[in-house]
>>> print(open('protein01.json').read())   # JSON, C-alpha atoms and all ligand atoms
[["chain", "number", "residue", "atom", "x", "y", "z"],
["A", 1, "ALA", "CA", 102.17, 117.71, 128.43],
["A", 2, "ARG", "CA", 99.35, 115.74, 126.92],
["A", 3, "ARG", "CA", 98.54, 112.47, 128.62],
["A", 4, "ALA", "CA", 99.97, 109.55, 126.69],
["A", 5, "ASP", "CA", 97.43, 107.01, 125.58],
["A", 6, "ASN", "CA", 97.88, 103.29, 125.49],
["A", 7, "GLY", "CA", 96.91, 103.14, 121.84],
["A", 8, "GLY", "CA", 99.70, 105.53, 120.92],
["A", 9, "ILE", "CA", 102.81, 104.49, 119.02],
["A", 10, "VAL", "CA", 106.30, 105.81, 119.63],
["A", 11, "VAL", "CA", 108.65, 105.94, 116.63],
["A", 12, "ILE", "CA", 112.30, 106.47, 117.51],
["A", 13, "GLY", "CA", 114.74, 107.57, 114.80],
["A", 14, "LEU", "CA", 113.56, 109.63, 111.85],
["A", 15, "GLY", "CA", 115.92, 108.29, 109.19],
["A", 16, "ARG", "CA", 114.63, 107.18, 105.79],
["A", 17, "PHE", "CA", 112.80, 104.22, 107.34],
["A", 18, "GLY", "CA", 111.50, 105.87, 110.50],
["A", 19, "CYS", "CA", 110.08, 108.95, 108.80],
["A", 20, "HIS", "CA", 108.03, 106.86, 106.35],
["A", 21, "LEU", "CA", 106.80, 104.63, 109.15],
["A", 22, "ALA", "CA", 105.79, 107.59, 111.32],
["A", 23, "GLY", "CA", 104.15, 109.36, 108.35],
["A", 24, "SER", "CA", 102.11, 106.29, 107.41],
["A", 25, "LEU", "CA", 100.91, 105.72, 110.97],
["A", 26, "ASN", "CA", 100.01, 109.38, 111.21],
["A", 27, "ARG", "CA", 97.98, 109.22, 108.00],
["A", 28, "MET", "CA", 96.23, 106.13, 109.39],
["A", 29, "ASN", "CA", 95.12, 108.40, 112.26],
["A", 30, "HIS", "CA", 97.19, 106.77, 114.96],
["A", 31, "GLU", "CA", 98.59, 108.88, 117.73],
["A", 32, "VAL", "CA", 102.30, 108.98, 116.94],
["A", 33, "LEU", "CA", 105.07, 110.40, 119.06],
["A", 34, "ALA", "CA", 108.25, 110.65, 117.00],
["A", 35, "ILE", "CA", 111.63, 111.05, 118.66],
["A", 36, "ASP", "CA", 115.00, 111.93, 117.19],
["A", 37, "ARG", "CA", 118.13, 113.28, 118.80],
["A", 38, "SER", "CA", 118.90, 115.52, 115.86],
["A", 39, "PRO", "CA", 117.30, 119.00, 116.11],
["A", 40, "THR", "CA", 117.49, 119.30, 112.31],
["A", 41, "LYS", "CA", 115.46, 116.10, 111.84],
["A", 42, "VAL", "CA", 112.94, 117.21, 114.45],
["A", 43, "GLN", "CA", 112.48, 120.54, 112.74],
["A", 44, "ARG", "CA", 112.21, 118.92, 109.33],
["A", 45, "TRP", "CA", 109.37, 116.59, 110.36],
["A", 46, "SER", "CA", 107.48, 118.76, 112.83],
["A", 47, "ALA", "CA", 105.16, 120.16, 110.15],
["A", 48, "GLN", "CA", 104.14, 116.71, 108.86],
["A", 49, "LEU", "CA", 103.83, 114.80, 112.12],
["A", 50, "ASP", "CA", 101.66, 115.69, 115.11],
["A", 51, "ARG", "CA", 104.26, 115.26, 117.80],
["A", 52, "VAL", "CA", 107.99, 115.29, 117.17],
["A", 53, "VAL", "CA", 110.40, 115.76, 120.04],
["A", 54, "GLN", "CA", 114.15, 116.03, 120.31],
["A", 55, "ALA", "CA", 115.64, 113.55, 122.79],
["A", 56, "ASP", "CA", 118.38, 110.96, 123.11],
["A", 57, "SER", "CA", 116.42, 107.73, 123.31],
["A", 58, "THR", "CA", 119.27, 105.88, 125.03],
["A", 59, "GLU", "CA", 118.49, 107.99, 128.12],
["A", 60, "GLU", "CA", 115.81, 106.16, 130.08],
["A", 61, "GLY", "CA", 115.12, 109.30, 132.14],
["A", 62, "ALA", "CA", 114.43, 111.35, 129.01],
["A", 63, "LEU", "CA", 111.97, 108.73, 127.74],
["A", 64, "ARG", "CA", 110.31, 108.57, 131.15],
["A", 65, "GLN", "CA", 109.83, 112.34, 131.15],
["A", 66, "LEU", "CA", 108.14, 112.12, 127.77],
["A", 67, "GLY", "CA", 105.62, 109.68, 129.20],
["A", 68, "ILE", "CA", 106.75, 106.77, 127.04],
["A", 69, "ALA", "CA", 105.80, 104.30, 129.77],
["A", 70, "GLY", "CA", 102.15, 105.03, 128.97],
["A", 71, "PHE", "CA", 102.43, 104.02, 125.32],
["A", 72, "GLY", "CA", 101.35, 100.58, 124.15],
["A", 73, "ARG", "CA", 103.81, 100.24, 121.30],
["A", 74, "ALA", "CA", 107.24, 101.52, 120.33],
["A", 75, "VAL", "CA", 109.32, 101.08, 117.19],
["A", 76, "VAL", "CA", 113.07, 101.57, 117.32],
["A", 77, "ALA", "CA", 113.89, 102.63, 113.76],
["A", 78, "ILE", "CA", 117.54, 103.46, 114.42],
["A", 79, "GLY", "CA", 119.70, 101.44, 112.03],
["A", 80, "ALA", "CA", 123.31, 102.49, 111.77],
["A", 81, "SER", "CA", 124.22, 102.61, 115.44],
["A", 82, "VAL", "CA", 123.84, 99.18, 117.03],
["A", 83, "GLU", "CA", 124.74, 100.65, 120.40],
["A", 84, "ALA", "CA", 122.04, 103.35, 120.24],
["A", 85, "SER", "CA", 119.46, 100.84, 119.05],
["A", 86, "VAL", "CA", 120.26, 98.29, 121.78],
["A", 87, "LEU", "CA", 120.37, 100.89, 124.57],
["A", 88, "THR", "CA", 117.05, 102.32, 123.36],
["A", 89, "VAL", "CA", 115.39, 98.90, 123.43],
["A", 90, "LEU", "CA", 116.81, 98.36, 126.90],
["A", 91, "ALA", "CA", 115.36, 101.67, 128.10],
["A", 92, "LEU", "CA", 111.95, 100.77, 126.63],
["A", 93, "VAL", "CA", 112.07, 97.37, 128.35],
["A", 94, "GLU", "CA", 112.93, 99.06, 131.67],
["A", 95, "LEU", "CA", 109.96, 101.40, 131.19],
["A", 96, "GLY", "CA", 107.70, 98.42, 130.59],
["A", 97, "VAL", "CA", 106.48, 99.26, 127.08],
["A", 98, "PRO", "CA", 104.34, 96.20, 126.23],
["A", 99, "GLN", "CA", 105.17, 95.90, 122.52],
["A", 100, "ILE", "CA", 108.65, 96.79, 121.34],
["A", 101, "TRP", "CA", 109.53, 96.53, 117.66],
["A", 102, "ALA", "CA", 113.16, 96.97, 116.74],
["A", 103, "ARG", "CA", 114.96, 97.28, 113.44],
["A", 104, "ALA", "CA", 118.04, 95.11, 112.93],
["A", 105, "THR", "CA", 120.76, 95.58, 110.36],
["A", 106, "SER", "CA", 122.40, 92.17, 110.80],
["A", 107, "GLN", "CA", 121.68, 88.76, 112.33],
["A", 108, "LYS", "CA", 123.96, 89.51, 115.27],
["A", 109, "HIS", "CA", 122.23, 92.82, 115.86],
["A", 110, "ALA", "CA", 118.89, 90.95, 115.79],
["A", 111, "LYS", "CA", 120.14, 88.45, 118.40],
["A", 112, "ILE", "CA", 121.17, 91.22, 120.77],
["A", 113, "LEU", "CA", 117.86, 93.05, 120.30],
["A", 114, "ALA", "CA", 115.90, 89.89, 121.09],
["A", 115, "SER", "CA", 118.07, 89.08, 124.10],
["A", 116, "VAL", "CA", 117.59, 92.50, 125.68],
["A", 117, "GLY", "CA", 113.84, 92.12, 125.29],
["A", 118, "ALA", "CA", 112.61, 93.35, 121.91],
["A", 119, "HIS", "CA", 109.31, 91.59, 121.13],
["A", 120, "HIS", "CA", 109.57, 91.88, 117.35],
["A", 121, "VAL", "CA", 112.74, 92.23, 115.31],
["A", 122, "ILE", "CA", 112.41, 93.53, 111.76],
["A", 123, "PHE", "CA", 114.73, 93.74, 108.76],
["A", 124, "PRO", "CA", 113.17, 96.43, 106.53],
["A", 125, "GLU", "CA", 115.79, 96.29, 103.77],
["A", 126, "ALA", "CA", 115.76, 92.49, 103.57],
["A", 127, "GLU", "CA", 111.96, 92.33, 103.70],
["A", 128, "THR", "CA", 111.53, 95.00, 101.03],
["A", 129, "GLY", "CA", 114.10, 93.34, 98.78],
["A", 130, "GLU", "CA", 112.37, 89.98, 99.13],
["A", 131, "ARG", "CA", 108.92, 91.43, 98.43],
["A", 132, "LEU", "CA", 110.22, 93.30, 95.42],
["A", 133, "ALA", "CA", 111.82, 90.14, 94.03],
["A", 134, "HIS", "CA", 108.46, 88.37, 94.18],
["A", 135, "LEU", "CA", 106.68, 91.36, 92.71],
["A", 136, "ILE", "CA", 109.10, 91.66, 89.80],
["A", 137, "VAL", "CA", 108.85, 87.97, 88.98],
["A", 138, "SER", "CA", 105.07, 87.91, 89.17],
["A", 139, "ARG", "CA", 104.78, 91.04, 87.01],
["A", 140, "LEU", "CA", 107.21, 89.54, 84.55],
["A", 141, "LEU", "CA", 105.01, 86.46, 84.20],
["A", 142, "ASP", "CA", 102.12, 88.76, 83.24],
["A", 143, "PHE", "CA", 103.94, 89.72, 80.07],
["A", 144, "ILE", "CA", 105.32, 86.38, 78.93],
["B", 1, "LIG", "P1", 117.71, 105.02, 107.56],
["B", 1, "LIG", "O1", 118.23, 103.91, 106.71],
["B", 1, "LIG", "O2", 116.33, 104.79, 108.08],
["B", 1, "LIG", "O3", 117.91, 106.38, 106.98],
["B", 1, "LIG", "P2", 120.14, 105.07, 108.92],
["B", 1, "LIG", "O4", 120.66, 103.77, 109.39],
["B", 1, "LIG", "O5", 120.72, 105.68, 107.67],
["B", 1, "LIG", "O6", 118.58, 105.01, 108.85],
["B", 1, "LIG", "P3", 120.63, 105.98, 111.50],
["B", 1, "LIG", "O7", 122.01, 106.49, 111.72],
["B", 1, "LIG", "O8", 120.26, 104.66, 111.98],
["B", 1, "LIG", "O9", 120.30, 106.17, 109.98],
["B", 1, "LIG", "O10", 119.67, 107.05, 112.15],
["B", 1, "LIG", "C1", 118.30, 107.03, 111.99],
["B", 1, "LIG", "C2", 117.79, 108.19, 112.81],
["B", 1, "LIG", "O11", 117.91, 107.85, 114.20],
["B", 1, "LIG", "C3", 118.59, 109.48, 112.60],
["B", 1, "LIG", "O12", 117.69, 110.53, 112.27],
["B", 1, "LIG", "C4", 119.27, 109.71, 113.95],
["B", 1, "LIG", "O13", 119.37, 111.08, 114.27],
["B", 1, "LIG", "C5", 118.37, 108.96, 114.91],
["B", 1, "LIG", "N1", 119.07, 108.53, 116.12],
["B", 1, "LIG", "C6", 120.26, 107.88, 116.19],
["B", 1, "LIG", "N2", 120.61, 107.68, 117.46],
["B", 1, "LIG", "C7", 119.63, 108.22, 118.24],
["B", 1, "LIG", "C8", 119.42, 108.36, 119.65],
["B", 1, "LIG", "N3", 120.29, 107.89, 120.54],
["B", 1, "LIG", "N4", 118.30, 108.97, 120.06],
["B", 1, "LIG", "C9", 117.39, 109.46, 119.18],
["B", 1, "LIG", "N5", 117.54, 109.37, 117.85],
["B", 1, "LIG", "C10", 118.64, 108.77, 117.38]]
>>> encode(input="protein01.json", output="structure tokens")
Amino acid sequence: ARRADNGGIVVIGLGRFGCHLAGSLNRMNHEVLAIDRSPTKVQRWSAQLDRVVQADSTEEGALRQLGIAGFGRAVVAIGASVEASVLTVLALVELGVPQIWARATSQKHAKILASVGAHHVIFPEAETGERLAHLIVSRLLDFI
């Protein structure tokens, strides 16, 4: 296995959000390691991303084997399963990843993520909706 580099970014969960995040980082020439437990998802993205591996991210041992401890940043993009997202953050904390970003789907989910040690909690749907609202209003003003 290739030696993980501290500038690398781990993206966990290749759903609609995670795949766009991983793709953008990849296009920005960052070293991205994408992880998903679904073999179908892994196969689907392996042509577009440099490194895509199949693993259950709630398993600390599996993450350790992949060399995740050597990465500087990780993003937990899992949304639907609060349990999987929380256990993944916990595993990343145990491995000592210095910058953990985690996606929350509710305020309670966000609280749990922060309390287990996520450094940044994000709400992609809420943030996109808010940005779009501003964009629509400002565009509208252009035509009045
Ligand atoms: P999106 O809105 O981004 O599509 P979602 O909430 O609809 O996300 P999720 O069920 O959160 O979808 O799953 C996002 C991805 O995370 C899926 O591809 C899923 O296979 C993956 N995933 C879920 N649990 C784990 C896990 N324990 N380990 C690795 N990957 C996982």
>>> closest_atom_pairs(input="protein01.json", of="chain A", to="ligand LIG 1 (chain B)", cutoff="10 Å", atoms="only C-alpha atoms and all ligand atoms", output="JSON lines")
{"residue": "A:Val11", "atom": "CA", "partner": "B:LIG1", "partner_atom": "N5", "distance": 9.6}
{"residue": "A:Ile12", "atom": "CA", "partner": "B:LIG1", "partner_atom": "N5", "distance": 6.0}
{"residue": "A:Gly13", "atom": "CA", "partner": "B:LIG1", "partner_atom": "O11", "distance": 3.2}
{"residue": "A:Leu14", "atom": "CA", "partner": "B:LIG1", "partner_atom": "O12", "distance": 4.2}
{"residue": "A:Gly15", "atom": "CA", "partner": "B:LIG1", "partner_atom": "O3", "distance": 3.5}
{"residue": "A:Arg16", "atom": "CA", "partner": "B:LIG1", "partner_atom": "O3", "distance": 3.6}
{"residue": "A:Phe17", "atom": "CA", "partner": "B:LIG1", "partner_atom": "O2", "distance": 3.7}
{"residue": "A:Gly18", "atom": "CA", "partner": "B:LIG1", "partner_atom": "O2", "distance": 5.5}
{"residue": "A:Cys19", "atom": "CA", "partner": "B:LIG1", "partner_atom": "O2", "distance": 7.5}
{"residue": "A:His20", "atom": "CA", "partner": "B:LIG1", "partner_atom": "O2", "distance": 8.7}
{"residue": "A:Leu21", "atom": "CA", "partner": "B:LIG1", "partner_atom": "O2", "distance": 9.6}
{"residue": "A:Ala34", "atom": "CA", "partner": "B:LIG1", "partner_atom": "N5", "distance": 9.4}
{"residue": "A:Ile35", "atom": "CA", "partner": "B:LIG1", "partner_atom": "C9", "distance": 6.0}
{"residue": "A:Asp36", "atom": "CA", "partner": "B:LIG1", "partner_atom": "N5", "distance": 3.7}
{"residue": "A:Arg37", "atom": "CA", "partner": "B:LIG1", "partner_atom": "C9", "distance": 3.9}
{"residue": "A:Ser38", "atom": "CA", "partner": "B:LIG1", "partner_atom": "O13", "distance": 4.7}
{"residue": "A:Pro39", "atom": "CA", "partner": "B:LIG1", "partner_atom": "O13", "distance": 8.4}
{"residue": "A:Thr40", "atom": "CA", "partner": "B:LIG1", "partner_atom": "O13", "distance": 8.7}
{"residue": "A:Lys41", "atom": "CA", "partner": "B:LIG1", "partner_atom": "O12", "distance": 6.0}
{"residue": "A:Val42", "atom": "CA", "partner": "B:LIG1", "partner_atom": "O12", "distance": 8.5}
{"residue": "A:Val53", "atom": "CA", "partner": "B:LIG1", "partner_atom": "C9", "distance": 9.4}
{"residue": "A:Gln54", "atom": "CA", "partner": "B:LIG1", "partner_atom": "C9", "distance": 7.4}
{"residue": "A:Ala55", "atom": "CA", "partner": "B:LIG1", "partner_atom": "C9", "distance": 5.7}
{"residue": "A:Asp56", "atom": "CA", "partner": "B:LIG1", "partner_atom": "N4", "distance": 3.6}
{"residue": "A:Ser57", "atom": "CA", "partner": "B:LIG1", "partner_atom": "N4", "distance": 4.0}
{"residue": "A:Thr58", "atom": "CA", "partner": "B:LIG1", "partner_atom": "N3", "distance": 5.0}
{"residue": "A:Glu59", "atom": "CA", "partner": "B:LIG1", "partner_atom": "N3", "distance": 7.8}
{"residue": "A:Leu63", "atom": "CA", "partner": "B:LIG1", "partner_atom": "N4", "distance": 10.0}
{"residue": "A:Val76", "atom": "CA", "partner": "B:LIG1", "partner_atom": "O11", "distance": 8.5}
{"residue": "A:Ala77", "atom": "CA", "partner": "B:LIG1", "partner_atom": "C1", "distance": 6.5}
{"residue": "A:Ile78", "atom": "CA", "partner": "B:LIG1", "partner_atom": "O8", "distance": 3.8}
{"residue": "A:Gly79", "atom": "CA", "partner": "B:LIG1", "partner_atom": "O8", "distance": 3.3}
{"residue": "A:Ala80", "atom": "CA", "partner": "B:LIG1", "partner_atom": "O8", "distance": 3.7}
{"residue": "A:Ser81", "atom": "CA", "partner": "B:LIG1", "partner_atom": "O8", "distance": 5.6}
{"residue": "A:Val82", "atom": "CA", "partner": "B:LIG1", "partner_atom": "O8", "distance": 8.3}
{"residue": "A:Glu83", "atom": "CA", "partner": "B:LIG1", "partner_atom": "N3", "distance": 8.5}
{"residue": "A:Ala84", "atom": "CA", "partner": "B:LIG1", "partner_atom": "N3", "distance": 4.9}
{"residue": "A:Ser85", "atom": "CA", "partner": "B:LIG1", "partner_atom": "N2", "distance": 7.1}
{"residue": "A:Val86", "atom": "CA", "partner": "B:LIG1", "partner_atom": "N3", "distance": 9.7}
{"residue": "A:Leu87", "atom": "CA", "partner": "B:LIG1", "partner_atom": "N3", "distance": 8.1}
{"residue": "A:Thr88", "atom": "CA", "partner": "B:LIG1", "partner_atom": "N3", "distance": 7.0}
{"residue": "A:Arg103", "atom": "CA", "partner": "B:LIG1", "partner_atom": "O8", "distance": 9.2}
{"residue": "A:Ala104", "atom": "CA", "partner": "B:LIG1", "partner_atom": "O4", "distance": 9.7}
{"residue": "A:Thr105", "atom": "CA", "partner": "B:LIG1", "partner_atom": "O4", "distance": 8.2}
{"residue": "A:Pro124", "atom": "CA", "partner": "B:LIG1", "partner_atom": "O1", "distance": 9.0}
{"residue": "A:Glu125", "atom": "CA", "partner": "B:LIG1", "partner_atom": "O1", "distance": 8.5}
>>> write_last_selection(input="protein01.json", atoms="C-alpha atoms", output="PDB file, in the coordinates of the input")
ATOM      1  CA  VAL A  11     108.650 105.940 116.630  1.00  0.00           C
ATOM      2  CA  ILE A  12     112.300 106.470 117.510  1.00  0.00           C
ATOM      3  CA  GLY A  13     114.740 107.570 114.800  1.00  0.00           C
ATOM      4  CA  LEU A  14     113.560 109.630 111.850  1.00  0.00           C
ATOM      5  CA  GLY A  15     115.920 108.290 109.190  1.00  0.00           C
ATOM      6  CA  ARG A  16     114.630 107.180 105.790  1.00  0.00           C
ATOM      7  CA  PHE A  17     112.800 104.220 107.340  1.00  0.00           C
ATOM      8  CA  GLY A  18     111.500 105.870 110.500  1.00  0.00           C
ATOM      9  CA  CYS A  19     110.080 108.950 108.800  1.00  0.00           C
ATOM     10  CA  HIS A  20     108.030 106.860 106.350  1.00  0.00           C
ATOM     11  CA  LEU A  21     106.800 104.630 109.150  1.00  0.00           C
ATOM     12  CA  ALA A  34     108.250 110.650 117.000  1.00  0.00           C
ATOM     13  CA  ILE A  35     111.630 111.050 118.660  1.00  0.00           C
ATOM     14  CA  ASP A  36     115.000 111.930 117.190  1.00  0.00           C
ATOM     15  CA  ARG A  37     118.130 113.280 118.800  1.00  0.00           C
ATOM     16  CA  SER A  38     118.900 115.520 115.860  1.00  0.00           C
ATOM     17  CA  PRO A  39     117.300 119.000 116.110  1.00  0.00           C
ATOM     18  CA  THR A  40     117.490 119.300 112.310  1.00  0.00           C
ATOM     19  CA  LYS A  41     115.460 116.100 111.840  1.00  0.00           C
ATOM     20  CA  VAL A  42     112.940 117.210 114.450  1.00  0.00           C
ATOM     21  CA  VAL A  53     110.400 115.760 120.040  1.00  0.00           C
ATOM     22  CA  GLN A  54     114.150 116.030 120.310  1.00  0.00           C
ATOM     23  CA  ALA A  55     115.640 113.550 122.790  1.00  0.00           C
ATOM     24  CA  ASP A  56     118.380 110.960 123.110  1.00  0.00           C
ATOM     25  CA  SER A  57     116.420 107.730 123.310  1.00  0.00           C
ATOM     26  CA  THR A  58     119.270 105.880 125.030  1.00  0.00           C
ATOM     27  CA  GLU A  59     118.490 107.990 128.120  1.00  0.00           C
ATOM     28  CA  LEU A  63     111.970 108.730 127.740  1.00  0.00           C
ATOM     29  CA  VAL A  76     113.070 101.570 117.320  1.00  0.00           C
ATOM     30  CA  ALA A  77     113.890 102.630 113.760  1.00  0.00           C
ATOM     31  CA  ILE A  78     117.540 103.460 114.420  1.00  0.00           C
ATOM     32  CA  GLY A  79     119.700 101.440 112.030  1.00  0.00           C
ATOM     33  CA  ALA A  80     123.310 102.490 111.770  1.00  0.00           C
ATOM     34  CA  SER A  81     124.220 102.610 115.440  1.00  0.00           C
ATOM     35  CA  VAL A  82     123.840  99.180 117.030  1.00  0.00           C
ATOM     36  CA  GLU A  83     124.740 100.650 120.400  1.00  0.00           C
ATOM     37  CA  ALA A  84     122.040 103.350 120.240  1.00  0.00           C
ATOM     38  CA  SER A  85     119.460 100.840 119.050  1.00  0.00           C
ATOM     39  CA  VAL A  86     120.260  98.290 121.780  1.00  0.00           C
ATOM     40  CA  LEU A  87     120.370 100.890 124.570  1.00  0.00           C
ATOM     41  CA  THR A  88     117.050 102.320 123.360  1.00  0.00           C
ATOM     42  CA  ARG A 103     114.960  97.280 113.440  1.00  0.00           C
ATOM     43  CA  ALA A 104     118.040  95.110 112.930  1.00  0.00           C
ATOM     44  CA  THR A 105     120.760  95.580 110.360  1.00  0.00           C
ATOM     45  CA  PRO A 124     113.170  96.430 106.530  1.00  0.00           C
ATOM     46  CA  GLU A 125     115.790  96.290 103.770  1.00  0.00           C
TER      47      GLU A 125
END
>>> residues_around(input="protein01.json", residues="stretch 23-30 of chain A", least_positions_apart="2", cutoff="8 Å", atoms="all atoms listed in the file", output="JSON, numbers by chain")
{"A": [7, 8, 9, 19, 20, 21, 32, 48, 49, 50]}
>>> atom_distance(input="protein01.json", atom1="atom CA of A:Gln43", atom2="atom CA of A:Glu94")
28.6 Å
>>> atom_distance(input="protein01.json", atom1="atom CA of A:Gly67", atom2="atom CA of A:Leu95")
9.6 Å
>>> atom_distance(input="protein01.json", atom1="atom CA of A:Ala91", atom2="atom CA of A:Ala62")
9.8 Å
>>> closest_residue(input="protein01.json", among="A:Ile122, A:Ala102, A:Ala22, A:Leu92", to="A:Ile68", atoms="only C-alpha atoms")
A:Leu92
>>> axis_aligned_box(input="protein01.json", around="stretch 130-135 of chain A", padding_each_side="5 Å", output="JSON")
{"center_x": 109.5, "center_y": 90.8, "center_z": 95.9, "size_x": 15.7, "size_y": 14.9, "size_z": 16.4}
>>> closest_residue(input="protein01.json", among="A:Leu33, A:Val10, A:Val121, A:Ile136", to="A:Val97", atoms="only C-alpha atoms")
A:Val10
>>> closest_residue(input="protein01.json", among="A:Lys108, A:Arg51, A:Arg44, A:Arg64", to="A:Gly96", atoms="only C-alpha atoms")
A:Arg64
>>> closest_residue(input="protein01.json", among="A:Leu90, A:Trp45, A:Pro98, A:Gly70", to="A:His119", atoms="only C-alpha atoms")
A:Pro98
>>> closest_residue(input="protein01.json", among="A:Val137, A:Val93, A:Glu130, A:Ile112", to="A:Gly72", atoms="only C-alpha atoms")
A:Val93
